[in-house]
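J.: File follows, protein12.txt with compact mmCIF, C-alpha atoms:
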# COMPACT_ATOMS: atom_id res chain seq x y z
CA MET E 1 59.13 -56.48 -42.63
CA SER E 2 56.94 -56.25 -39.54
CA TRP E 3 55.30 -53.09 -38.24
CA ILE E 4 57.58 -52.82 -35.24
CA LYS E 5 60.53 -52.35 -37.55
CA VAL E 6 58.84 -49.47 -39.28
CA LEU E 7 58.02 -47.86 -35.94
CA LEU E 8 61.56 -48.31 -34.62
CA ILE E 9 63.18 -46.92 -37.73
CA ALA E 10 60.77 -43.99 -37.71
CA SER E 11 61.64 -43.17 -34.10
CA ALA E 12 65.35 -43.44 -34.85
CA LEU E 13 64.84 -41.00 -37.69
CA LEU E 14 62.94 -38.71 -35.37
CA VAL E 15 65.82 -38.71 -32.89
CA LEU E 16 68.19 -37.81 -35.70
CA VAL E 17 65.98 -34.98 -36.91
CA VAL E 18 65.52 -33.57 -33.41
CA LEU E 19 69.25 -33.79 -32.79
CA PHE E 20 70.09 -31.77 -35.87
CA ARG E 21 67.28 -29.30 -35.63
CA HIS E 22 68.51 -28.29 -32.19
CA ARG E 23 72.18 -28.34 -32.94
CA ASN E 24 72.60 -24.64 -32.37
CA ARG E 25 70.81 -24.63 -29.10
CA VAL E 26 72.52 -27.67 -27.67
CA LEU E 27 75.92 -26.80 -29.11
CA LEU E 28 76.70 -30.39 -29.93
CA ARG E 29 80.25 -30.97 -30.86
CA ALA E 30 81.02 -32.36 -34.29
CA GLY E 31 82.17 -35.66 -32.80
CA THR E 32 78.88 -36.11 -31.03
CA ARG E 33 76.98 -35.52 -34.24
CA VAL E 34 79.06 -37.97 -36.23
CA ALA E 35 78.57 -40.53 -33.48
CA ALA E 36 74.83 -39.89 -33.65
CA VAL E 37 74.74 -40.54 -37.38
CA VAL E 38 76.74 -43.74 -36.98
CA LEU E 39 74.44 -44.90 -34.20
CA PHE E 40 71.45 -44.12 -36.35
CA LEU E 41 72.79 -46.21 -39.22
CA LEU E 42 73.60 -49.05 -36.84
CA ALA E 43 70.11 -48.83 -35.41
CA VAL E 44 68.47 -48.99 -38.83
CA VAL E 45 70.64 -51.89 -39.90
CA SER E 46 69.97 -53.92 -36.77
CA ILE E 47 66.27 -53.19 -36.85
CA ALA E 48 66.03 -54.23 -40.50
CA ASN E 49 68.11 -57.32 -40.02
CA PRO E 50 68.38 -58.55 -36.39
CA ASP E 51 70.78 -61.26 -37.48
CA ILE E 52 73.55 -58.73 -37.82
CA PRO E 53 73.68 -57.68 -34.12
CA GLN E 54 73.28 -61.34 -33.25
CA GLU E 55 76.34 -62.15 -35.35
CA VAL E 56 78.34 -59.29 -33.78
CA ALA E 57 77.31 -60.38 -30.29
CA GLN E 58 78.54 -63.88 -30.83
CA ARG E 59 81.82 -62.60 -32.27
CA VAL E 60 82.52 -60.53 -29.12
CA GLY E 61 81.44 -63.33 -26.80
CA VAL E 62 77.90 -62.32 -25.90
CA VAL E 63 75.23 -64.96 -26.30
CA ARG E 64 72.29 -62.87 -27.47
CA GLY E 65 72.08 -59.77 -29.62
CA THR E 66 69.62 -58.20 -27.17
CA ASP E 67 72.20 -58.55 -24.40
CA LEU E 68 74.72 -56.72 -26.52
CA LEU E 69 72.21 -53.92 -26.98
CA LEU E 70 71.64 -53.82 -23.23
CA TYR E 71 75.34 -53.44 -22.55
CA LEU E 72 75.66 -50.70 -25.10
CA LEU E 73 72.65 -48.99 -23.58
CA VAL E 74 74.31 -49.00 -20.16
CA VAL E 75 77.43 -47.40 -21.57
CA VAL E 76 75.50 -44.75 -23.49
CA PHE E 77 73.30 -44.03 -20.47
CA THR E 78 76.31 -43.56 -18.23
CA LEU E 79 77.94 -41.20 -20.69
CA THR E 80 74.71 -39.25 -21.03
CA THR E 81 74.31 -38.97 -17.27
CA LEU E 82 77.85 -37.77 -16.82
CA GLY E 83 77.46 -35.27 -19.61
CA LEU E 84 74.32 -33.89 -18.04
CA PHE E 85 75.96 -33.82 -14.62
CA PHE E 86 78.81 -31.64 -15.85
CA ARG E 87 76.44 -29.48 -17.76
CA LEU E 88 74.34 -28.96 -14.67
CA ARG E 89 77.39 -28.03 -12.64
CA GLU E 90 78.32 -25.45 -15.20
CA THR E 91 74.81 -24.08 -15.26
CA ASP E 92 74.72 -23.94 -11.46
CA ASP E 93 77.96 -22.05 -11.49
CA ARG E 94 76.61 -19.51 -13.94
CA VAL E 95 73.38 -19.12 -12.03
CA HIS E 96 75.38 -18.48 -8.88
CA GLN E 97 77.47 -15.83 -10.55
CA LEU E 98 74.37 -14.20 -11.90
CA ALA E 99 72.58 -14.30 -8.56
CA ARG E 100 75.67 -12.92 -6.85
CA ALA E 101 75.89 -10.00 -9.23
CA LEU E 102 72.20 -9.27 -8.76
CA ALA E 103 72.41 -9.54 -4.98
CA ILE E 104 75.33 -7.13 -4.84
CA GLN E 105 73.64 -4.64 -7.15
CA GLU E 106 70.49 -4.78 -5.13
CA ALA E 107 72.43 -4.19 -1.91
CA LEU E 108 74.31 -1.24 -3.40
CA ARG E 109 71.14 0.33 -4.72
CA ARG E 110 69.45 -0.09 -1.38
CA GLU E 111 72.37 1.50 0.46
CA ASP E 112 72.62 4.31 -2.05
CA ARG E 113 68.99 5.15 -1.72
CA ALA E 114 69.24 5.05 2.05
CA ALA E 115 72.29 7.32 1.95
CA LEU E 116 70.40 9.77 -0.23
CA GLU E 117 67.44 9.79 2.08
CA ARG E 118 69.64 10.28 5.08
CA ALA E 119 71.59 13.13 3.56
CA ASP E 120 68.41 14.84 2.43
CA PRO E 121 65.48 13.47 4.40
CA ASP E 122 62.93 15.92 3.00
CA GLY E 123 64.10 15.65 -0.56
CA ASP E 124 62.66 13.60 -3.34
CA ARG E 125 60.61 10.86 -1.80
CA SER E 126 58.99 9.48 -4.87
CA ASP E 127 60.80 6.17 -4.57
CA ALA E 128 60.84 5.96 -0.80
CA ASP E 129 58.89 3.41 1.12
CA GLY E 130 56.18 5.61 2.42
CA PRO E 131 55.33 7.40 5.63
CA GLU E 132 57.61 5.35 7.86
CA GLY E 133 60.53 6.90 6.00
CA ARG E 134 59.81 10.13 7.86
CA ALA E 135 60.88 8.60 11.11
CA GLU E 136 64.51 9.12 10.26
CA ALA E 137 64.17 12.84 9.66
CA GLY E 138 65.52 13.43 13.17
CA GLN E 139 68.72 11.53 12.42
CA PRO E 140 71.92 13.51 11.95
CA ALA E 141 72.94 13.69 8.32
CA SER E 142 76.28 11.97 8.69
CA PRO E 143 77.47 10.05 5.66
CA GLN E 144 77.36 6.31 5.50
CA PRO E 145 80.80 5.22 6.67
CA ALA E 146 81.79 2.69 4.09
CA GLY E 147 79.32 1.64 1.48
CA PRO E 148 81.41 0.12 -1.27
CA GLN E 149 81.29 2.59 -4.10
CA PRO E 150 82.32 1.35 -7.51
CA ALA E 151 83.49 4.22 -9.63
CA GLY E 152 80.81 5.79 -11.73
CA GLU E 153 77.92 3.97 -10.12
CA VAL E 154 77.01 6.25 -7.30
CA THR E 155 77.15 9.73 -8.68
CA GLY E 156 73.98 10.64 -6.83
CA SER E 157 75.15 9.82 -3.36
CA GLN E 158 78.61 11.20 -3.98
CA ALA E 159 77.10 14.52 -4.87
CA GLU E 160 75.24 14.40 -1.59
CA GLU E 161 78.32 13.56 0.36
CA GLY E 162 80.09 16.57 -1.01
CA THR E 163 77.81 18.72 1.09
CA SER E 164 78.31 16.80 4.32
CA PRO E 165 81.43 15.90 6.34
CA SER E 166 83.87 13.86 4.28
CA PRO E 167 83.86 10.12 4.81
CA ALA E 168 87.61 10.03 5.20
CA ALA E 169 87.39 12.19 8.32
CA GLU E 170 85.17 9.60 9.93
CA GLY E 171 87.78 6.97 10.40
CA THR E 172 90.01 9.24 12.43
CA SER E 173 87.32 10.47 14.77
CA SER E 174 87.88 9.51 18.36
CA GLN E 175 84.32 8.38 18.86
CA PRO E 176 83.95 4.61 19.07
CA ALA E 177 83.28 3.71 15.49
CA GLY E 178 80.99 0.79 16.15
CA ASP E 179 78.43 2.60 18.27
CA ARG E 180 78.03 5.55 16.00
CA SER E 181 77.76 3.60 12.79
CA ALA E 182 75.41 1.18 14.45
CA THR E 183 72.88 3.89 15.14
CA THR E 184 73.12 5.52 11.73
CA THR E 185 72.96 2.36 9.70
CA ASN E 186 70.27 1.05 11.95
CA SER E 187 67.82 3.67 10.84
CA LEU E 188 69.26 3.49 7.38
CA TYR E 189 68.12 -0.05 6.87
CA ALA E 190 64.89 0.26 8.76
CA ASN E 191 62.96 1.85 5.89
CA THR E 192 64.43 0.08 2.98
CA PHE E 193 64.13 -3.37 4.37
CA PRO E 194 60.51 -4.21 3.53
CA ALA E 195 61.11 -3.42 -0.12
CA ALA E 196 64.22 -5.54 -0.16
CA ARG E 197 62.41 -8.41 1.43
CA GLY E 198 59.72 -8.35 -1.19
CA LYS E 199 62.36 -8.49 -3.85
CA GLY E 200 64.23 -11.36 -2.28
CA LYS E 201 61.36 -13.78 -2.09
CA GLU E 202 59.97 -15.15 -5.26
CA MET I 1 93.97 1.07 18.48
CA ASP I 2 93.41 1.03 14.74
CA THR I 3 90.02 2.12 13.56
CA ASN I 4 90.02 -0.85 11.20
CA ASP I 5 88.50 1.27 8.47
CA ASP I 6 90.37 -0.76 5.92
CA VAL I 7 89.05 -4.07 7.23
CA TRP I 8 85.99 -5.85 5.93
CA VAL I 9 84.45 -8.69 7.87
CA VAL I 10 82.46 -11.14 5.76
CA VAL I 11 79.85 -13.24 7.52
CA PRO I 12 77.88 -15.85 5.60
CA VAL I 13 74.49 -16.26 7.24
CA PHE I 14 71.94 -18.97 6.74
CA ASN I 15 69.05 -19.17 9.20
CA GLU I 16 70.94 -17.80 12.17
CA ALA I 17 68.28 -15.43 13.46
CA PRO I 18 68.69 -16.27 17.16
CA MET I 19 72.40 -15.54 17.16
CA VAL I 20 73.34 -13.33 14.25
CA ARG I 21 72.46 -9.99 15.78
CA GLU I 22 74.67 -10.56 18.78
CA VAL I 23 77.52 -11.67 16.52
CA MET I 24 77.11 -8.63 14.27
CA GLU I 25 76.98 -6.21 17.14
CA GLY I 26 80.07 -7.79 18.65
CA LEU I 27 81.91 -7.40 15.37
CA ARG I 28 80.76 -3.82 14.87
CA THR I 29 82.31 -2.69 18.13
CA HIS I 30 85.70 -3.31 16.50
CA PHE I 31 85.08 -3.25 12.76
CA PRO I 32 83.09 -0.51 11.03
CA ASN I 33 82.72 -2.58 7.87
CA VAL I 34 80.80 -5.77 8.35
CA VAL I 35 78.97 -7.38 5.46
CA ALA I 36 76.59 -10.23 6.16
CA VAL I 37 75.51 -12.32 3.23
CA ASP I 38 72.08 -13.71 3.89
CA ASP I 39 72.13 -16.91 1.91
CA GLY I 40 68.42 -17.24 1.35
CA SER I 41 67.47 -17.57 4.99
CA THR I 42 63.87 -18.42 5.69
CA ASP I 43 63.89 -16.98 9.20
CA ALA I 44 64.38 -13.43 10.45
CA SER I 45 68.13 -13.41 9.86
CA ALA I 46 68.03 -10.50 7.42
CA ALA I 47 66.03 -8.32 9.79
CA GLU I 48 68.42 -9.13 12.62
CA ILE I 49 71.40 -8.22 10.44
CA GLU I 50 69.89 -4.89 9.52
CA ALA I 51 68.99 -4.23 13.11
CA ALA I 52 72.64 -4.70 13.97
CA GLY I 53 73.59 -2.12 11.34
CA ALA I 54 75.74 -4.33 9.16
CA HIS I 55 75.81 -4.24 5.39
CA LEU I 56 73.43 -6.80 4.04
CA VAL I 57 73.60 -8.65 0.74
CA ARG I 58 70.77 -11.05 0.12
CA HIS I 59 71.04 -14.08 -2.08
CA PRO I 60 67.75 -14.68 -3.86
CA PHE I 61 67.95 -18.36 -2.91
CA ASN I 62 70.20 -20.59 -0.89
CA MET I 63 73.48 -21.12 -2.70
CA GLY I 64 75.77 -22.48 -0.02
CA ALA I 65 78.34 -21.14 2.41
CA GLY I 66 81.13 -20.90 -0.15
CA ALA I 67 78.98 -18.91 -2.55
CA ALA I 68 77.90 -16.59 0.26
CA LEU I 69 81.47 -16.02 1.28
CA GLN I 70 82.48 -15.19 -2.26
CA THR I 71 79.59 -12.76 -2.55
CA GLY I 72 80.71 -11.00 0.61
CA VAL I 73 84.29 -10.79 -0.61
CA ASN I 74 83.15 -9.41 -3.97
CA PHE I 75 81.04 -6.82 -2.19
CA ALA I 76 83.91 -5.79 0.07
CA LEU I 77 86.31 -5.58 -2.89
CA LEU I 78 84.14 -2.79 -4.30
CA ASP I 79 85.45 -0.61 -1.50
CA PRO I 80 88.82 0.59 -2.76
CA ARG I 81 89.98 1.19 0.80
CA ALA I 82 89.49 -2.44 1.74
CA ALA I 83 92.92 -3.86 2.51
CA TYR I 84 92.14 -6.65 4.94
CA PHE I 85 89.39 -9.23 4.85
CA VAL I 86 88.14 -11.41 7.66
CA THR I 87 85.75 -14.35 7.37
CA PHE I 88 83.70 -15.01 10.44
CA ASP I 89 80.98 -17.53 11.26
CA ALA I 90 77.54 -16.26 12.17
CA ASP I 91 76.75 -18.87 14.81
CA GLY I 92 78.82 -17.30 17.57
CA GLN I 93 81.57 -19.89 17.67
CA HIS I 94 84.33 -17.36 17.01
CA ARG I 95 85.56 -14.58 19.26
CA VAL I 96 85.86 -11.04 17.96
CA GLU I 97 89.11 -10.61 19.91
CA ASP I 98 90.65 -13.32 17.79
CA ALA I 99 89.64 -11.53 14.60
CA VAL I 100 91.10 -8.28 15.91
CA ALA I 101 94.35 -10.01 16.82
CA MET I 102 94.56 -11.62 13.40
CA VAL I 103 94.17 -8.28 11.63
CA GLU I 104 96.82 -6.78 13.91
CA ARG I 105 99.14 -9.60 12.99
CA LEU I 106 98.50 -9.06 9.28
CA ARG I 107 99.35 -5.39 9.75
CA SER I 108 102.55 -6.01 11.65
CA THR I 109 103.99 -9.01 9.82
CA PRO I 110 104.51 -9.71 6.13
CA VAL I 111 102.18 -12.70 6.09
CA ASP I 112 99.28 -12.54 3.56
CA VAL I 113 96.79 -15.09 4.83
CA LEU I 114 96.04 -16.12 8.40
CA ILE I 115 93.98 -19.17 9.16
CA GLY I 116 92.50 -19.65 12.57
CA SER I 117 93.36 -22.84 14.37
CA ARG I 118 91.42 -24.18 17.28
CA PHE I 119 94.12 -26.75 17.85
CA LEU I 120 96.83 -24.15 18.34
CA GLY I 121 94.38 -22.20 20.45
CA SER I 122 91.56 -23.81 22.29
CA ALA I 123 88.15 -25.18 21.70
CA THR I 124 85.57 -25.38 24.41
CA ASN I 125 83.14 -28.26 24.56
CA MET I 126 84.39 -29.94 21.44
CA ARG I 127 83.11 -33.44 21.09
CA ARG I 128 85.62 -36.18 20.77
CA SER I 129 84.09 -37.34 17.51
CA ARG I 130 84.41 -33.87 16.04
CA ARG I 131 88.03 -33.70 17.07
CA GLY I 132 88.76 -36.99 15.37
CA LEU I 133 86.92 -35.93 12.24
CA LEU I 134 88.86 -32.69 12.03
CA ARG I 135 92.07 -34.66 12.22
CA VAL I 136 90.99 -36.72 9.25
CA GLY I 137 90.02 -33.53 7.41
CA ARG I 138 93.42 -32.09 8.15
CA LEU I 139 95.15 -35.08 6.62
CA PHE I 140 92.84 -34.85 3.63
CA GLU I 141 93.76 -31.21 3.05
CA ARG I 142 97.42 -31.92 3.45
CA LEU I 143 97.23 -34.56 0.77
CA SER I 144 95.05 -32.61 -1.62
CA SER I 145 96.38 -29.06 -1.44
CA GLY I 146 99.84 -29.64 -0.02
CA ILE I 147 99.18 -27.11 2.71
CA ALA I 148 99.86 -28.45 6.16
CA LEU I 149 97.61 -26.96 8.79
CA THR I 150 96.62 -27.98 12.28
CA ASP I 151 93.03 -26.94 11.62
CA ALA I 152 92.01 -26.86 7.98
CA HIS I 153 88.31 -26.22 8.53
CA ASN I 154 88.13 -23.12 10.61
CA GLY I 155 85.73 -20.42 9.47
CA LEU I 156 87.82 -17.65 10.99
CA ARG I 157 90.36 -16.49 8.43
CA ALA I 158 91.99 -13.17 7.63
CA PHE I 159 93.76 -12.16 4.46
CA ARG I 160 95.05 -9.27 2.46
CA ARG I 161 93.49 -7.76 -0.61
CA SER I 162 96.05 -9.55 -2.77
CA PHE I 163 94.48 -12.86 -1.81
CA ALA I 164 90.90 -11.59 -1.89
CA GLU I 165 91.40 -10.69 -5.53
CA VAL I 166 92.46 -14.18 -6.52
CA LEU I 167 89.96 -15.97 -4.30
CA LYS I 168 87.36 -17.22 -6.73
CA LEU I 169 85.41 -19.85 -4.90
CA SER I 170 83.41 -21.98 -7.29
CA VAL I 171 82.56 -24.65 -4.77
CA ALA I 172 79.28 -23.32 -3.51
CA ASP I 173 78.79 -25.45 -0.44
CA MET I 174 80.77 -26.32 2.66
CA GLY I 175 83.71 -27.54 0.61
CA TRP I 176 84.83 -23.94 0.27
CA ALA I 177 87.37 -24.32 3.04
CA SER I 178 89.24 -26.81 0.89
CA GLU I 179 89.02 -24.70 -2.22
CA PHE I 180 90.27 -21.76 -0.21
CA LEU I 181 93.41 -23.73 0.57
CA THR I 182 93.84 -24.81 -3.03
CA ARG I 183 93.67 -21.18 -4.14
CA LEU I 184 96.13 -20.34 -1.41
CA ALA I 185 98.55 -22.98 -2.60
CA GLU I 186 98.23 -21.75 -6.18
CA SER I 187 98.66 -18.11 -5.27
CA GLY I 188 102.03 -18.68 -3.64
CA LEU I 189 101.19 -16.10 -0.97
CA ARG I 190 102.56 -16.39 2.54
CA TYR I 191 100.26 -17.95 5.05
CA ALA I 192 100.35 -18.83 8.72
CA GLU I 193 98.06 -20.19 11.35
CA HIS I 194 96.77 -18.19 14.22
CA PRO I 195 95.60 -19.70 17.50
CA VAL I 196 91.92 -18.97 18.10
CA THR I 197 89.29 -20.10 20.52
CA VAL I 198 86.27 -21.86 19.19
CA GLN I 199 83.33 -21.91 21.54
CA TYR I 200 81.07 -24.84 20.95
CA THR I 201 77.80 -23.73 22.43
CA ALA I 202 74.56 -25.64 22.48
CA TYR I 203 73.42 -23.31 19.70
CA SER I 204 76.41 -23.76 17.43
CA LEU I 205 76.35 -27.50 17.98
CA SER I 206 72.73 -27.67 16.95
CA LYS I 207 73.42 -25.49 13.91
CA GLY I 208 76.68 -27.06 12.88
CA GLN I 209 77.25 -29.52 10.12
CA PRO I 210 76.43 -33.10 10.93
CA SER I 211 79.66 -35.03 10.82
CA ILE I 212 78.42 -37.35 8.10
CA ASN I 213 78.28 -34.40 5.75
CA SER I 214 82.06 -34.49 5.66
CA VAL I 215 81.69 -37.44 3.30
CA ASN I 216 79.72 -35.29 0.87
CA ILE I 217 82.15 -32.45 1.22
CA GLY I 218 85.12 -34.72 0.66
CA MET I 219 83.59 -36.18 -2.47
CA ASP I 220 82.75 -32.74 -3.82
CA VAL I 221 86.28 -31.59 -3.20
CA VAL I 222 87.73 -34.58 -5.04
CA VAL I 223 85.37 -34.09 -7.99
CA ASN I 224 86.20 -30.43 -8.15
CA ARG I 225 89.88 -31.12 -7.98
CA LEU I 226 89.57 -33.56 -10.86
CA LEU I 227 87.60 -31.10 -12.92
CA ARG I 228 89.82 -28.09 -12.50
CA GLY I 229 90.58 -26.44 -15.79
CA ARG I 230 87.93 -28.42 -17.60
CA ARG I 231 85.34 -25.73 -17.68
Turn the structure described in the file into structure tokens.
T.:
Amino acid sequence: MSWIKVLLIASALLVLVVLFRHRNRVLLRAGTRVAAVVLFLLAVVSIANPDIPQEVAQRVGVVRGTDLLLYLLVVVFTLTTLGLFFRLRETDDRVHQLARALAIQEALRREDRAALERADPDGDRSDADGPEGRAEAGQPASPQPAGPQPAGEVTGSQAEEGTSPSPAAEGTSSQPAGDRSATTTNSLYANTFPAARGKGKE
Amino acid sequence: MDTNDDVWVVVPVFNEAPMVREVMEGLRTHFPNVVAVDDGSTDASAAEIEAAGAHLVRHPFNMGAGAALQTGVNFALLDPRAAYFVTFDADGQHRVEDAVAMVERLRSTPVDVLIGSRFLGSATNMRRSRRGLLRVGRLFERLSSGIALTDAHNGLRAFRRSFAEVLKLSVADMGWASEFLTRLAESGLRYAEHPVTVQYTAYSLSKGQPSINSVNIGMDVVVNRLLRGRR
């Protein structure tokens, strides 16, 4: 028995150990694990006695045992690549959902804070962006027309709105909606933007 | 005229700083609720959106037009008053009048989903190659989703809340238009086409998808179709 055989068998063993040590993390299916054990046994057998793969190769019409191994390798590699491809897609999908949820939360928080500041410009400024926030003090305290407000998330700004004209009345006002909202939201975003930008870039 | 309080316009934005403000301001003259989803732009798009006074949702990194659209729809769905949804491109190729007319049509007729068609309407300065490509795309959609449209890849679409709630785009990139149609076919909702004008300007042409990308999109759509239900 030459040294290369020892090395090869040792590495096959290592693969097996790694595979099973990480079974929880990788969530290998039972079939995959059985296949891994079978492959491991085949590997050990063919390393110990190269005549066996040679014999098998000739039975299935391949001249050399090494060629048979090459073909098997191609098949296994393709399966592995496909498996990883699907896994990546799934991961991408999850990352997108996560990023989407974060982006929406961040936007809502930013709008909430802006609405609070607008409704009560001289109120609590501890989390405001600094002196430039004062610029909007001259703005009329009209409520933000239509920030999406999931129930139970925006108690703060709803309390504020109770003291100012109701949002529902806004839609029926005869004033051109676009112009008015444009000016209010304009100032609304002006202060909060730098903070948001810092958050967006990694 | 309706105040369109119950309408949300969703605009996916990726590096459209030179144009996006004008588009937003145009939309906001007719629609109080405009949400722009900045899909990880590296230019001043976000600042321009805020300057125009639209709602802004910022993706932390670029995720693709379909993902941005879905984010905008999710955001708009949080508003319980939202009854109508409009998707609109940020590069200035659509006309706000068309969006207004589509919402009016949704209000006055029992149709659930309206898809803009530049072939029923008109397209200015469209290149011949683009016209041919869109014809191929049309055939592709007809075969894959069973929905026959004259213009299957128009970014201007309007739909009711009922469709917004079932629209779960998982195709992140440009293939969203196809997935949109697949969802539409599955939902069994009523749809129609609406003639719109698409203005191909020098800007939108320079920003638009290179035609060769349709190969990528087509392949993605096929892969996604094959993988449905496998997740």
J.: Please return, as a list of chain:residue names, all residues of chain I lying within 6 Å of chain E when all atoms listed in the file are considered.
T.: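 Close to chain E, chain I has I:Arg28, I:Thr29, I:Pro32, I:Glu50, I:Ala51, I:Gly53, I:Val57, I:Arg58, I:His59, I:Pro60, I:Thr71, I:Leu78, I:Asp79.
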J.: Find the distance between CA of Val13 (chain I) and CA of Arg95 (chain I) and write it in Å to one decimal.
T.: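 We find that CA of Val13 (chain I) and CA of Arg95 (chain I) lie 16.4 Å from each other.
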J.: If we count only C-alpha atoms, what is near region 32-42 of chain E at a cut-off of 10 Å, once residues fewer than 6 positions away on the same chain are taken out, given as a list in words?
T.: Ile9, Ala12, Leu13, Val15, Leu16, Leu19, Phe20, Arg23, Ala48, Ile52 and Pro53 of chain E
J.: Here is a test: counting only C-alpha atoms, which residue of I:Val215, I:Asp91, I:Ala192, I:Glu22 is nearest to Thr109 (chain I)?
T.: I:Ala192
J.: Rounded to one decimal place, report the CA of Leu8 (chain E)-CA of Ile47 (chain E) distance in Å.
T.: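 Rounded to one decimal, the two atoms are 7.1 Å apart.
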J.: Kindly give the distance, in Å, that separates CA of Glu179 (chain I) and CA of Phe31 (chain I), rounded to a single decimal.
T.: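 Interatomic distance, CA of Glu179 (chain I) to CA of Phe31 (chain I): 26.5 Å.
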J.: Can you pull out every residue within 9 Å of Ala57 (chain E), counting only C-alpha atoms, but drop anything in the same chain fewer than 5 positions away, and send it as number ranges by chain?
T.: E: 52, 62-69
J.: Give me the residues within 8 Å of Val35 (chain I) as a list of chain:residue names, counting all atoms listed in the file and dropping any in the same chain fewer than 6 places off.
T.: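 Near neighbours after the sequence-gap exclusion: I:Trp8, I:Val9, I:Val10, I:Val11, I:Ala54, I:His55, I:Leu56, I:Val57, I:Gly72, I:Phe75, I:Ala76.
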